[in-house]
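Trainee: Have a look at this one.
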Amino acid sequence: MPETIFSKIIRGEIPCHKVYEDAHTLAFLDIGPLSAGHTLVIPKEPAPTLDALSDESAAALGRVLPRLCRAVMKATGTTAYNVLQNNGADAHQAVFHVHFHIIPKFPARPSGASGLGIAWNSGKLEPEAAKSLAASISSSIQ
Ligand code: 5GP
């Protein structure tokens, strides 16, 4: 995959405000925070999207994410936060190296930096379509 800015951050060629590092993962503050404490958690493996990530890196991320959420909560005093993970340009991914956003959510602030805003345009799950869709997804699991 093409080199991204996150690979340079992993190698220490570009500075970041690091909050955590282990053999498989790195966490640092987002340069364009949606709220104070907005943190990015990335695998050191250079996979562009989550579906391309190895089980080993996925497990390493899964192990560390709750711990980092607790740390962001403690440091910022927030009790609410979103974990966001974008895949593909159509899903607002800008950096094609897997990353999880931990975004504290605060009450609306004059500065606007209260966290993630979401337009949740929900539809309706029709039973027949749901049955075949669930079966299709289930049989696609490898
Ligand atoms: P995406 O839209 O791909 O899910 O989010 C990419 C995130 O990476 C953005 O929130 C953006 O602010 C952050 N970002 C991009 N370049 C840098 C950088 O050089 N340093 C840091 N710390 N964050 C970055």
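All residue names refer to the structure tokens as shown: chains lettered A, B, ... in order, residues numbered from 1 in each chain, ligands numbered from 1 in order.
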Enumerate residues in contact with ligand 1: an atom-to-atom distance of at most 6 Å, counting only C-alpha atoms and all ligand atoms. Format the result as an MDAnalysis selection string.
Mentor: chainID A and resid 5 16 29:32 86 92:95
Trainee: Run DSSP on the backbone and give me the residues of stretch 2-128 of chain A it puts in strand (DSSP E or B), as a list in words.
Mentor: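 After running DSSP on the backbone, stretch 2-128 of chain A has strand (DSSP E or B) at Lys18, Val19, Tyr20, Glu21, Thr25, Leu26, Ala27, Phe28, Leu29, Thr39, Leu40, Val41, Ile42, Pro43, Tyr81, Asn82, Val83, Leu84, Phe100, His101, Ile102, Ile103 and Pro104 of chain A.
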Trainee: Using only C-alpha atoms, which residues sit within 8 Å of A:Phe28 once same-chain residues fewer than 5 positions away are excluded, as an mmCIF file with N, CA and C atoms, in the first residue's frame?
Mentor:
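Written output follows (around29.cif):
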```
data_model
loop_
_atom_site.group_PDB
_atom_site.id
_atom_site.type_symbol
_atom_site.label_atom_id
_atom_site.label_comp_id
_atom_site.auth_asym_id
_atom_site.auth_seq_id
_atom_site.Cartn_x
_atom_site.Cartn_y
_atom_site.Cartn_z
ATOM 1 N N CYS A 16 4.684 13.556 16.969
ATOM 2 C CA CYS A 16 3.286 13.465 17.409
ATOM 3 C C CYS A 16 3.276 13.586 18.924
ATOM 4 N N HIS A 17 2.095 13.856 19.454
ATOM 5 C CA HIS A 17 1.934 13.861 20.910
ATOM 6 C C HIS A 17 1.489 12.457 21.319
ATOM 7 N N LYS A 18 2.508 11.629 21.613
ATOM 8 C CA LYS A 18 2.258 10.216 21.874
ATOM 9 C C LYS A 18 1.628 10.011 23.259
ATOM 10 N N VAL A 19 0.632 9.135 23.322
ATOM 11 C CA VAL A 19 0.061 8.802 24.633
ATOM 12 C C VAL A 19 0.293 7.335 24.998
ATOM 13 N N TYR A 20 0.602 6.502 23.999
ATOM 14 C CA TYR A 20 0.795 5.073 24.301
ATOM 15 C C TYR A 20 1.534 4.408 23.137
ATOM 16 N N THR A 39 -8.102 11.312 20.378
ATOM 17 C CA THR A 39 -6.910 10.458 20.279
ATOM 18 C C THR A 39 -7.062 9.469 19.132
ATOM 19 N N LEU A 40 -5.972 9.205 18.435
ATOM 20 C CA LEU A 40 -5.954 8.199 17.370
ATOM 21 C C LEU A 40 -5.187 6.970 17.857
ATOM 22 N N VAL A 41 -5.744 5.804 17.609
ATOM 23 C CA VAL A 41 -5.092 4.546 17.974
ATOM 24 C C VAL A 41 -4.865 3.769 16.683
#
```
Trainee: When distances are computed from only C-alpha atoms, which of A:Met1, A:Ala113, A:Ala135, A:Leu65 shows the smallest separation from A:Pro46?
Mentor: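 Result for the nearest residue to A:Pro46: A:Met1.
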Trainee: List as a list in words the protein and nucleic acid residues near stretch 57-64 of chain A, meaning an atom at most 8 Å away when only C-alpha atoms are counted, but skip any in the same chain fewer than 6 places from it.
Mentor: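 Counting only the stated atoms, we get His24, Thr25, Val41, Ile42, Pro43, Lys44 and Glu45 of chain A.
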Trainee: Can you work out which one of A:Lys8, A:Leu68, A:Glu21, A:Phe96 has the shortest atom-to-atom distance to A:Ala52, counting only C-alpha atoms?
Mentor: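 Using only C-alpha atoms, A:Ala52 sits closest to A:Phe96.
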Trainee: Pick out each residue of stretch 18-133 of chain A that DSSP on the backbone tags as helix (DSSP H, G or I); I need them as number ranges by chain.
Mentor: A: 50-52, 55-76, 89-91, 127-133
Trainee: Leaving out A:Ala71 and any residue of its chain fewer than 2 positions from it, which residues lie within 12 Å of it when counting only C-alpha atoms, given as a PyMOL selection string?
Mentor: chain A and resi 19-20+27+37-39+64-69+73-79+81+102+104
